[in-house]
Every structure is written in structure tokens, then in C-alpha cells.
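One structure is given below, encoded as C-alpha cells.
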Amino acid sequence: MEQVFSRTIRAGHIKETPQEHVVVADETARAALAALYGLGGIAKLRGVFVLRHERGGVIAATLDMQAAVTQTCVVTLEPFEVRIDERSMLRFVPARSLPEGEAEELDPESLEGPDDIPYSNDAIDLGAALAEQLALALDPYPRKPGAELPEEYRGEPEAPFAALAAKFGKKPR
């Protein structure tokens with residue numbers, strides 16, 4: 001897949017002293033990301049990466065992301081503004097050091113640490129990482145503040161076969 005938003009840096013330029021890189025999506029990138037993620041718009045997308053070199057070409061990163069997006073409420077279908085302000089821990093790992101073709105077994109312990117993002121040819125794509133973190137931060141079922149379900153959809157759902165049971169005069173289990 002072609003990257004919609006890309007800002008690359010050279011991993012080899014990152015040494016022991018932490019480096020700060022500010023990545024800001026321009027209007028074209030924000031429009032492309034909004035279309036990709038099904039958003040009404042993205043007014044702001046900014047990330048501040050603090051990078052430091054670890055062993056074996058691994059680059060540890062802290063990302064402070066700020067975004068302003070327009071999402072559609074799942075209840076009212078009205079657009080509304082959402083502000084995102086999140087901190088993420090990431091690790092950029094040389095692709096050659098990751099196992100190929102093996103299905104990685106996930107356990108709760110492995111989900112707690114920073115996300116490992118592969119890179120190759122000494123190029124780390126901070127724009128792609130920022131776009132990915134935005135996608136992860138979006139609420140998959142956004143609800144406008146104060147939006148409530150209509151009365152007929154509230155309460156306990158019926159048993160799935162209750163209507164059939166009533167039709168045939170049987171009591172559902």
C-alpha cells in the first residue's frame with residue numbers, strides 16, 4: 001500500500017543523544033488521511049517524536065500527538081469535532097531482525113510494551129507512524145456528546161428467537 005503521509009528520516013543519524021522531530025500534516029495529507037479513515041475532515045495533525053538509538057539499530061520513540069478531526073456520530077449521524085491528545089511509545093526495528101513468515105503468538109505481556117514498527121534501507125517514516133497512531137486513536141463508534149438512543153432502542157434486547165417461540169406457542173429457553 002502506498003503511504004498517504006510520509007516523512008522519512010535516516011535511522012543512522014540518530015545517536016545516543018535524544019533527537020526531537022516535529023511532523024505536521026499539510027492540507028493535502030490531512031484530506032487524504034480523512035478520506036482513507038472515513039472522516040469528515042482533519043483540521044490538525046501534529047506529532048512530536050523524541051527519538052533515541054538503542055542496540056542493534058532499534059530506535060526508541062516517544063510520540064506526543066495532537067489532532068482535531070471531524071467524525072460522524074453513530075447515533076445522530078451528525079458530524080462533530082473530536083480533539084485527540086495522546087502519548088505513545090514506539091520502537092522502530094530493522095525489518096531484517098524481525099522473523100519472516102511466522103505467525104507471531106500474542107500474549108497479554110507482549111501487548112503492554114511499545115509498538116514495534118519495521119523499517120528498512122535506513123529510512124524511518126515518521127509520517128506513516130503518525131498516521132497509524134491517529135488511526136489507532138480514533139473511536140470506532142464515535143458518539144456526539146449528549147447524543148442518546150431513541151427510546152425504542154433502549155432496554156434489554158429480546159432473545160433472538162423470542163418472536164418464533166411466541167408464534168409457535170413455546171417458551172424461549
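Ligands are numbered from 1 in the order shown, residues from 1 within each chain, and chains are lettered A, B, ... in the order they appear in the C-alpha cells.
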
Legend entry - Long-range neighbours of segment 58-61 of chain A as an MDAnalysis selection string, 10 Å cut-off, only C-alpha atoms, 6 positions minimum in chain: chainID A and resid 11:12 14:16 18:20 48:52 88:94 97 114:119 124

Legend entry - Residue set, segment 10-156 of chain A restricted to helix (DSSP H, G or I), as a count of residues only: 35

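Minimum distance to Val4 of chain A across A:Asp64, A:His21, A:Ala43, A:Leu130 (counting only C-alpha atoms) occurs at A:Leu130.
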
Legend entry - Best match for closeness to Ala147 of chain A among A:Val74, A:Ala68, A:Ala165, A:Ala32, counting only C-alpha atoms: A:Val74

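The space between atom CA of Met65 of chain A and atom CA of Glu132 of chain A spans 11.2 Å.
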
Legend entry - Contacts of Phe5 of chain A at 7 Å (only C-alpha atoms; same-chain gap of 2+ positions) as a VMD selection string: chain A and resid 3 7 29 127 to 128 131

Inset, instruction - Can you check which residues of segment 30-118 of chain A DSSP gives as strand (DSSP E or B) on the backbone and send them as a ChimeraX atom specification? - result: /A:41-53,59-72,79-94,115-118

For the residues in that selection, give me N, CA and C atoms as a compact mmCIF listing (two decimals), in the first residue's frame.
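Saved as selection.txt:
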# COMPACT_ATOMS: atom_id res chain seq x y z
N GLY A 41 -13.26 15.26 8.12
CA GLY A 41 -12.11 16.15 7.90
C GLY A 41 -11.11 16.02 9.03
N ILE A 42 -9.92 16.53 8.76
CA ILE A 42 -8.87 16.62 9.77
C ILE A 42 -8.38 18.05 9.74
N ALA A 43 -8.64 18.81 10.79
CA ALA A 43 -8.23 20.21 10.85
C ALA A 43 -6.78 20.34 11.30
N LYS A 44 -6.30 19.36 12.08
CA LYS A 44 -4.94 19.44 12.62
C LYS A 44 -4.41 18.03 12.85
N LEU A 45 -3.15 17.81 12.48
CA LEU A 45 -2.45 16.58 12.81
C LEU A 45 -0.98 16.93 13.00
N ARG A 46 -0.54 16.78 14.23
CA ARG A 46 0.83 17.17 14.59
C ARG A 46 1.39 16.12 15.55
N GLY A 47 2.64 15.76 15.31
CA GLY A 47 3.29 14.81 16.20
C GLY A 47 4.69 15.27 16.55
N VAL A 48 5.04 15.13 17.80
CA VAL A 48 6.40 15.44 18.25
C VAL A 48 7.03 14.11 18.67
N PHE A 49 8.03 13.70 17.91
CA PHE A 49 8.75 12.46 18.18
C PHE A 49 10.05 12.79 18.91
N VAL A 50 10.33 12.07 19.99
CA VAL A 50 11.64 12.13 20.63
C VAL A 50 12.25 10.75 20.41
N LEU A 51 13.36 10.74 19.65
CA LEU A 51 13.98 9.50 19.21
C LEU A 51 15.34 9.32 19.87
N ARG A 52 15.64 8.07 20.23
CA ARG A 52 16.98 7.77 20.72
C ARG A 52 17.37 6.37 20.27
N HIS A 53 18.63 6.22 19.98
CA HIS A 53 19.17 4.95 19.48
C HIS A 53 19.35 3.95 20.61
N ILE A 59 15.40 2.01 17.24
CA ILE A 59 15.21 3.41 17.62
C ILE A 59 13.97 3.49 18.50
N ALA A 60 14.16 3.89 19.76
CA ALA A 60 13.04 4.07 20.68
C ALA A 60 12.44 5.45 20.45
N ALA A 61 11.13 5.54 20.52
CA ALA A 61 10.47 6.81 20.26
C ALA A 61 9.32 7.05 21.23
N THR A 62 9.19 8.31 21.61
CA THR A 62 8.01 8.78 22.32
C THR A 62 7.31 9.73 21.37
N LEU A 63 6.03 9.54 21.17
CA LEU A 63 5.25 10.38 20.27
C LEU A 63 4.17 11.09 21.07
N ASP A 64 4.18 12.42 21.00
CA ASP A 64 3.08 13.22 21.54
C ASP A 64 2.29 13.72 20.34
N MET A 65 1.05 13.24 20.20
CA MET A 65 0.23 13.55 19.05
C MET A 65 -0.94 14.45 19.44
N GLN A 66 -1.17 15.46 18.63
CA GLN A 66 -2.36 16.31 18.76
C GLN A 66 -3.08 16.29 17.42
N ALA A 67 -4.39 16.10 17.49
CA ALA A 67 -5.19 16.09 16.27
C ALA A 67 -6.56 16.69 16.56
N ALA A 68 -7.14 17.24 15.52
CA ALA A 68 -8.52 17.72 15.55
C ALA A 68 -9.20 17.13 14.32
N VAL A 69 -10.19 16.27 14.55
CA VAL A 69 -10.85 15.57 13.44
C VAL A 69 -12.36 15.76 13.53
N THR A 70 -13.03 15.55 12.40
CA THR A 70 -14.48 15.57 12.35
C THR A 70 -14.94 14.14 12.12
N GLN A 71 -15.71 13.62 13.09
CA GLN A 71 -16.26 12.28 12.98
C GLN A 71 -17.77 12.37 12.87
N THR A 72 -18.41 11.28 12.47
CA THR A 72 -19.85 11.21 12.36
C THR A 72 -20.40 10.39 13.52
N PRO A 79 -22.13 15.28 12.05
CA PRO A 79 -20.69 15.45 12.24
C PRO A 79 -20.42 16.22 13.53
N PHE A 80 -19.30 15.90 14.17
CA PHE A 80 -18.89 16.64 15.36
C PHE A 80 -17.37 16.59 15.47
N GLU A 81 -16.84 17.58 16.17
CA GLU A 81 -15.39 17.74 16.30
C GLU A 81 -14.85 16.91 17.47
N VAL A 82 -13.71 16.28 17.24
CA VAL A 82 -13.05 15.48 18.27
C VAL A 82 -11.60 15.95 18.36
N ARG A 83 -11.16 16.18 19.58
CA ARG A 83 -9.75 16.53 19.82
C ARG A 83 -9.05 15.31 20.40
N ILE A 84 -7.88 15.03 19.86
CA ILE A 84 -7.08 13.89 20.32
C ILE A 84 -5.75 14.42 20.81
N ASP A 85 -5.37 14.02 22.00
CA ASP A 85 -4.09 14.40 22.58
C ASP A 85 -3.55 13.16 23.28
N GLU A 86 -2.64 12.45 22.61
CA GLU A 86 -2.17 11.17 23.12
C GLU A 86 -0.65 11.06 23.09
N ARG A 87 -0.15 10.27 24.02
CA ARG A 87 1.27 9.93 24.04
C ARG A 87 1.40 8.44 23.77
N SER A 88 2.33 8.08 22.88
CA SER A 88 2.58 6.69 22.52
C SER A 88 4.06 6.39 22.62
N MET A 89 4.35 5.14 22.95
CA MET A 89 5.72 4.65 22.95
C MET A 89 5.86 3.73 21.75
N LEU A 90 6.88 3.96 20.93
CA LEU A 90 7.10 3.18 19.72
C LEU A 90 8.55 2.69 19.68
N ARG A 91 8.79 1.67 18.89
CA ARG A 91 10.15 1.22 18.61
C ARG A 91 10.23 0.96 17.12
N PHE A 92 11.18 1.62 16.47
CA PHE A 92 11.44 1.37 15.06
C PHE A 92 12.53 0.30 15.02
N VAL A 93 12.21 -0.84 14.40
CA VAL A 93 13.07 -2.01 14.42
C VAL A 93 13.49 -2.36 12.99
N PRO A 94 14.79 -2.63 12.77
CA PRO A 94 15.20 -3.04 11.41
C PRO A 94 14.40 -4.26 10.95
N ASP A 115 4.82 -0.35 20.53
CA ASP A 115 4.59 -0.96 19.22
C ASP A 115 5.91 -1.04 18.47
N ASP A 116 6.19 -2.19 17.85
CA ASP A 116 7.37 -2.36 17.01
C ASP A 116 6.98 -2.06 15.56
N ILE A 117 7.68 -1.11 14.95
CA ILE A 117 7.42 -0.72 13.58
C ILE A 117 8.67 -1.03 12.76
N PRO A 118 8.55 -1.91 11.77
CA PRO A 118 9.74 -2.26 10.99
C PRO A 118 10.15 -1.12 10.05

Inset, instruction - Provide the atom CA of Ala95 of chain A to atom CA of Gly57 of chain A distance in Å, to one decimal place. - result: 10.1 Å
